Each structure stands twice: as C-alpha cells, then as structure tokens.
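Q: This structure is in structure tokens; I'll ask about it shortly.
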Amino acid sequence: MVRSGKNPSLTFSSQRQAIAQFAKSSYELTTMIDIDHSLTPADLARAIDRMWQLSAVKIREIEANQQGCEGTPVITVDGLYKSQGWTEWTQGFQFGSAILQFDATNDEEFLRIGRDNTIARMAAHVTHIGVHDHGFNNVSTYGNLRRLLLEGRIEHNQRELDLYELALKASGAVQAARWSNTFDDGGYIHSFNGPHSLFSDTIRSLRALALAHELGHRLMSENDEPVSLLDRLVKHARTTAEFNVYYGRNRDRFDVRGRVVHESIFNTNDGNYRCPSTQQGYSPFSTWTRGLAWIILGYAELLEFLPTVSDAELQEFGGRENIERFMFDAARAASDFYIDQTPTDGVPYWDTGAPNLAELGDYLNQPSDPFNQHEPVDSSAAAIAAQGLLRLAESLRQRGISDGQDRYRQAGLTVLRTLLDEPYLATDERHQGLLLHCIYHHPRGWDHVPAGSTIPHGEACQWGDYHLREAALYVGRVIRNEPYYSFFGPAQPS
C-alpha cells in the first residue's frame, strides 16, 4: 500500500483483484531470457579482448574530433558523436571510458587522456547545483582515478590523491543539497526537473554520496547544521524503493512485481506522493527499460557498499537488516522483471509498454531485432543491467544466500555475451560508437532514424559505451583474479 500523510485506502474490488492477479501470474509463467547456465567468465575472454581493441580506436577518434568542440558528445548520428542539449551529464562517461581503457590494457595513452581531461574539464561538474548526475560524471572520472591510485596502478602522488578526494567530497555534498523532504521524515534527491521530481536514474548516482561519506565528509547547512550524507543516501534509496519500484502488492491497477516507473511526483507543500510519471518512457504505467536497468545496478552497487559501513552507523537509519532487506527486495524484483520481460538474447526494447510491440508478434520468445520497423531496442539498458545482475549475484554470494545467485550471474553473463558480438558490438572502426542500437529519448525524437527505416537504430551513446566497457572490465578482473572492481575500492580478489 502506498504511504501518504492521510494513509489512504487503496482497496480494490474483487474483480480488479482478479485482473491484477492474472496479470502478475502471466509475468511469472516463463523466463524470457534464454539463460546459458554453462557460460563462464572465461568463455567471454576473447570477445572482451576484441572489444578493448575496438574501444581504443574509438576513444582516440573521439578525442581527436572533440578537440575545440563545444558541447559534450552524447549520441552518434551516422556514426559520429554529437552533442544534444539537455544537461552535460555524459562528459564523465567520455573521459571515464579512457580511464577504464587504461585499467583494462595498461596503455598509458588512455590514462593521459582520462586524467588530463578530468583535471582540465570536470571541475564545473563537481559544483554543478542543477543536476542529479554527480555519480555519473564525477565517480566515473575522479572516482576511477582515486581507485587506481589506491590500487597502485598509478604512481602514488599524495597531492593528486588529495585532489580527487576533495572533488569527490564536494560532489557528494552538492548532490545531497538537492533535497526534498517527504511527509514521513523521508526524502529524496530531486532531479533537474525540480523539487517535485524523483528519478529512478539517481539511485546509481548515489555513489557520489557513498564515496563522500566514506571519506568522512558531511554537508554543512544553515547555522552550521551538519547533514549526514549516509542519512540522505539511505533515505533516498528507501523512497525510491517504495515509490519507483512495484512489488505486486495491489498498489494500483498496474502493480506488477518488478515494474519500475521513471519518475515519481510529490507535492512539495506537504511532501505527499502524488503520482507516477515519466520523461523518457512511453507512459507512467509501463516500464522504460533503461530506468529499470538503473534500479538493478544502483541497488546492487549499494548492497556491495553497505558492508564497508559499520553496524553502529547504520543503526540510526533503521539498522543493517532493515536497509539490506528493502534494497534486496528492490534489486531482485527489478532483476526478475528484466529477465522475464526481455527477449531471449537479453536486449530489451526501449519500453515494455511501447505501443507497437504487438506488431512484432511473440517478441519475448525470440532474439531482439534492432532492425525491425516498429519499436527500437535499447542496448544501453542491457549493458547497465548486465553489470547489475552480476553484482547482485555477488552480493547474494557474499551473504551466503544461494537463492537467485546462479540465475542472476548467468543472466548477466548471457546478456554481456550478446553485447560483445554483432549486431550490437560496433566492429566498423569508422563508427565512433562502441555499442550500437542505443536509445536516448524516443518520445522527443532525439535519436537518429536512418534512411529507409521508420525507427532509430545503428547508433551509440556515451552511457552505453561506458557501461559496456565497465561490464567488460568487471568480468575481465574476475577472469584474471584481480582485485574486485567496485566504485569504493580497492578490494581483494573475490
């Protein structure tokens, strides 16, 4: 039941309950992704190596062509990266990709590209008060550089480490200041839409608060009042889990377990929840699949972070057991929905309720088709979800929970295998993108539609490229028994 200050009843008629139960059971009948339970990380080693070879060519090409250009590269048009005005939320992925390339290959050319551009061009993102994207921009750059310094991959320089940590402290505090209270002493980091808006995307951007808290930082408010960054992290994660993720509990007529809404709307006068909404999805009552993927990966990473926080610290916010329970509930529900509502190869269409999916026939029981003439796929959602599934499996393993471990791990590997091959891997070195068939904003028509097609396909985006590289780095480290890749690292081999 949805909470509100007036505690409204959401009782359904028996007929409506029967309809809802039928809808929920229909989602639970089959697993749509054809999960390969024999697949191992080592099986992907050759494909990962090929991806890094292609990645190097594309990073160099983008770097050469972006020198002196205004605007951040966001999406490709006819294979060339272009800016797309909304917010500059992808610049951290651009430079972070070069840092990941160095991490995977030890080629110092890419360390130079990533480090020099971070220092020269990322400072404005650290103090950007108008966005919720601090984890995307700053953890992908300053955070990755800090991690590599602590791992000994970069020659130690205390002043350099101090710079990265100062940037991360400031970034976490600035993000935490974008705060809206809810009626029940909860709250959320509001999106760039305004104080009424809670995006699902932001759950993955909470990494900025996590790192700043880990570094001992806090936000100072009026009258020198200290604000705990951990408090805001937990409250935001709880509010997102409660309102942006569905659990099949008769919340409304469209309450199917694991469904995710892009945006929740709150009344800023009294903090009460008002309604679901969306910016980039088809409707508030369907699931935009990249938002679904952000939920999977965001909660999976927070579950990896929580063991670094003491029981005493967590007790103030409900205790470890309570916090881990709602995070696991959200991550598992969203992961199960992704697996059940995605075609057999693991790449989803852009929205599970997209109006022309019916024209594709039994589309969930066949591989995705990026070249169809009815609805686009979104491979960037698959790249994000693949890593989230793998990390969720690891969080279960670390806690000795066997239920779901194999399902999520093997699903993540299965999805990644698909992305590391054509038609999703961009093997044409003339194309600046790495991961093809991504979608940015289908309702606004921002994605390029090639001649002869009725839908966008064949293009790439910065977040898709970055998250494919990040998933490949994650699995590559597992293959080589290297330190476990986490945003708050370093950690020991798993």
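Letters A, B, ... go to the chains of the structure tokens in the order shown; residues in each chain start at 1; ligands are counted from 1 in the same order.
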Please provide the set of residues having any atom within 12 Å of A:Asn372, restricted to only C-alpha atoms, with same-chain residues fewer than 3 positions apart removed, written as number ranges by chain.

A: A: 349, 356-357, 359-361, 363, 367-369, 375-377, 437, 452-458

Q: What lies within 7 Å of stretch 317-326 of chain A using only C-alpha atoms, ignoring chain neighbours under 2 positions off, as a PyMOL selection string?

A: chain A and resi 231+241+303+311+314-315+328-330

Q: For stretch 35-50 of chain A, list every protein, DNA or RNA residue within 8 Å, evaluated using only C-alpha atoms, and leave out those in the same chain fewer than 4 positions away; present the list as a list of chain:residue names.

A: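 That gives A:Leu54, A:Thr344, A:Asp406, A:Arg407, A:Gln410, A:Ala411, A:Leu413, A:Thr414, A:Arg417, A:Leu420, A:Asp421, A:Ala472, A:Val475, A:Gly476, A:Val478, A:Ile479.
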
Q: Report the residues of stretch 12-256 of chain A whose backbone DSSP state falls under strand (DSSP E), written as number ranges by chain.

A: A: 75-77, 80-82, 179-181, 187-189, 197-199, 219-220, 226-227

Q: Please list as a compact mmCIF listing (two decimals) with C-alpha atoms, in the first residue's frame every residue within 9 Å of A:Arg232, counting only C-alpha atoms and excluding residues in the same chain fewer than 6 positions away.

A:
```txt
# COMPACT_ATOMS: atom_id res chain seq x y z
CA ALA A 176 22.98 15.86 -1.18
CA TRP A 179 16.97 17.63 -1.22
CA GLY A 186 11.99 10.75 4.50
CA GLY A 187 13.14 12.45 1.35
CA TYR A 188 14.95 12.26 -1.96
CA ILE A 189 17.49 13.97 -4.17
CA LEU A 209 27.21 10.36 -1.56
```

Q: If we count only C-alpha atoms, what is near A:Gln462 at a cut-off of 9 Å, once residues fewer than 6 positions away on the same chain are taken out, given as a PyMOL selection string?

A: chain A and resi 73-76+81+90-91+93-94+97+433-434

Q: At what distance in Å, to one decimal, does atom CA of A:His134 lie from atom CA of A:Leu211?

A: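 Interatomic distance here is 11.3 Å.
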
Q: So that I can check the secondary structure, give me every residue of stretch 414-459 of chain A assigned alpha helix (DSSP H) by backbone DSSP, as a ChimeraX atom specification.

A: /A:414-419

Q: Next, dump the selected residues to file, keeping only N, CA and C atoms, as a PDB file, in the first residue's frame.

A:
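Wrote it out as part16.pdb, contents follow:
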```
ATOM      1  N   THR A 414      25.062 -13.940 -19.859  1.00  0.00           N
ATOM      2  CA  THR A 414      24.356 -14.173 -21.125  1.00  0.00           C
ATOM      3  C   THR A 414      24.107 -12.856 -21.854  1.00  0.00           C
ATOM      4  N   VAL A 415      23.653 -11.841 -21.118  1.00  0.00           N
ATOM      5  CA  VAL A 415      23.412 -10.532 -21.731  1.00  0.00           C
ATOM      6  C   VAL A 415      24.714  -9.948 -22.263  1.00  0.00           C
ATOM      7  N   LEU A 416      25.770 -10.034 -21.467  1.00  0.00           N
ATOM      8  CA  LEU A 416      27.050  -9.462 -21.886  1.00  0.00           C
ATOM      9  C   LEU A 416      27.574 -10.162 -23.137  1.00  0.00           C
ATOM     10  N   ARG A 417      27.427 -11.469 -23.210  1.00  0.00           N
ATOM     11  CA  ARG A 417      27.872 -12.192 -24.411  1.00  0.00           C
ATOM     12  C   ARG A 417      27.178 -11.649 -25.654  1.00  0.00           C
ATOM     13  N   THR A 418      25.894 -11.370 -25.558  1.00  0.00           N
ATOM     14  CA  THR A 418      25.168 -10.811 -26.699  1.00  0.00           C
ATOM     15  C   THR A 418      25.752  -9.472 -27.120  1.00  0.00           C
ATOM     16  N   LEU A 419      26.051  -8.613 -26.154  1.00  0.00           N
ATOM     17  CA  LEU A 419      26.524  -7.260 -26.457  1.00  0.00           C
ATOM     18  C   LEU A 419      27.933  -7.244 -27.022  1.00  0.00           C
TER      19      LEU A 419
END
```

Q: Quick one: pull the distance between atom CA of A:Gln101 and atom CA of A:Gln53, Å, one decimal.

A: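 Those two atoms sit 9.5 Å apart.
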
Q: Quick one: everything within 9 Å of A:Phe266, counting only C-alpha atoms, minus sequence neighbours fewer than 6 positions away in the same chain. Send it as a PDB file with N, CA and C atoms, in the first residue's frame.

A:
```
ATOM      1  N   THR A 182       9.946  14.380   2.391  1.00  0.00           N
ATOM      2  CA  THR A 182       8.640  13.758   2.289  1.00  0.00           C
ATOM      3  C   THR A 182       7.961  13.823   3.649  1.00  0.00           C
ATOM      4  N   PRO A 195      11.990  20.254  -7.571  1.00  0.00           N
ATOM      5  CA  PRO A 195      11.904  19.624  -6.254  1.00  0.00           C
ATOM      6  C   PRO A 195      10.773  18.615  -6.103  1.00  0.00           C
ATOM      7  N   HIS A 196       9.861  18.550  -7.067  1.00  0.00           N
ATOM      8  CA  HIS A 196       8.753  17.595  -7.019  1.00  0.00           C
ATOM      9  C   HIS A 196       9.115  16.240  -7.609  1.00  0.00           C
ATOM     10  N   SER A 197      10.294  16.121  -8.221  1.00  0.00           N
ATOM     11  CA  SER A 197      10.603  15.018  -9.127  1.00  0.00           C
ATOM     12  C   SER A 197      11.673  14.081  -8.576  1.00  0.00           C
ATOM     13  N   LEU A 198      11.339  12.792  -8.486  1.00  0.00           N
ATOM     14  CA  LEU A 198      12.272  11.739  -8.089  1.00  0.00           C
ATOM     15  C   LEU A 198      12.489  10.812  -9.275  1.00  0.00           C
ATOM     16  N   ASN A 272       3.719  14.793   0.308  1.00  0.00           N
ATOM     17  CA  ASN A 272       2.970  13.588  -0.033  1.00  0.00           C
ATOM     18  C   ASN A 272       3.222  13.162  -1.471  1.00  0.00           C
ATOM     19  N   TYR A 273       3.226  11.846  -1.678  1.00  0.00           N
ATOM     20  CA  TYR A 273       3.314  11.262  -3.013  1.00  0.00           C
ATOM     21  C   TYR A 273       2.034  11.569  -3.779  1.00  0.00           C
ATOM     22  N   ARG A 274       2.184  11.892  -5.069  1.00  0.00           N
ATOM     23  CA  ARG A 274       1.022  12.195  -5.887  1.00  0.00           C
ATOM     24  C   ARG A 274       0.783  11.160  -6.979  1.00  0.00           C
ATOM     25  N   CYS A 275       1.811  10.874  -7.812  1.00  0.00           N
ATOM     26  CA  CYS A 275       1.552  10.002  -8.949  1.00  0.00           C
ATOM     27  C   CYS A 275       2.849   9.555  -9.611  1.00  0.00           C
TER      28      CYS A 275
END
```

Q: For A:Pro284, find every residue with an atom within 12 Å (counting only C-alpha atoms), except residues of its own chain fewer than 2 positions away, and show them as a list in words.

A: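 Listed by chain and then number, they are Asn244, Val245, Asp252, Phe254, Asp255, Arg259, Val260, Val261, His262, Glu263, Ser264, Ile265, Cys275, Pro276, Ser277, Thr278, Gln279, Gln280, Gly281, Tyr282, Ser286, Thr287, Trp288, Gly291, Asp351, Thr352, Gly353 and Ala354 of chain A.
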
Q: What is the atom CA of A:Tyr466 to atom CA of A:Ile99 distance in Å?

A: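 It comes out at 10.3 Å.
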
Q: Choose the residue, out of A:Asn481, A:Ser221, A:Asn138, A:Ser310, that has the smallest atom-to-atom separation from A:Leu166; count only C-alpha atoms.

A: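 Smallest separation from A:Leu166 among the options: A:Asn138.
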
Q: Can you work out which one of A:Arg253, A:His236, A:Arg477, A:Lys169 has the shortest atom-to-atom distance to A:Arg204, counting only C-alpha atoms?

A: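 Nearest candidate to A:Arg204 out of A:Arg253, A:His236, A:Arg477, A:Lys169: A:His236.
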
Q: Counting only C-alpha atoms, figure out which residue out of A:Arg444, A:Arg391, A:Arg146, A:His467 gets nearest to A:Glu160.

A: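 Smallest separation from A:Glu160 among the options: A:Arg146.
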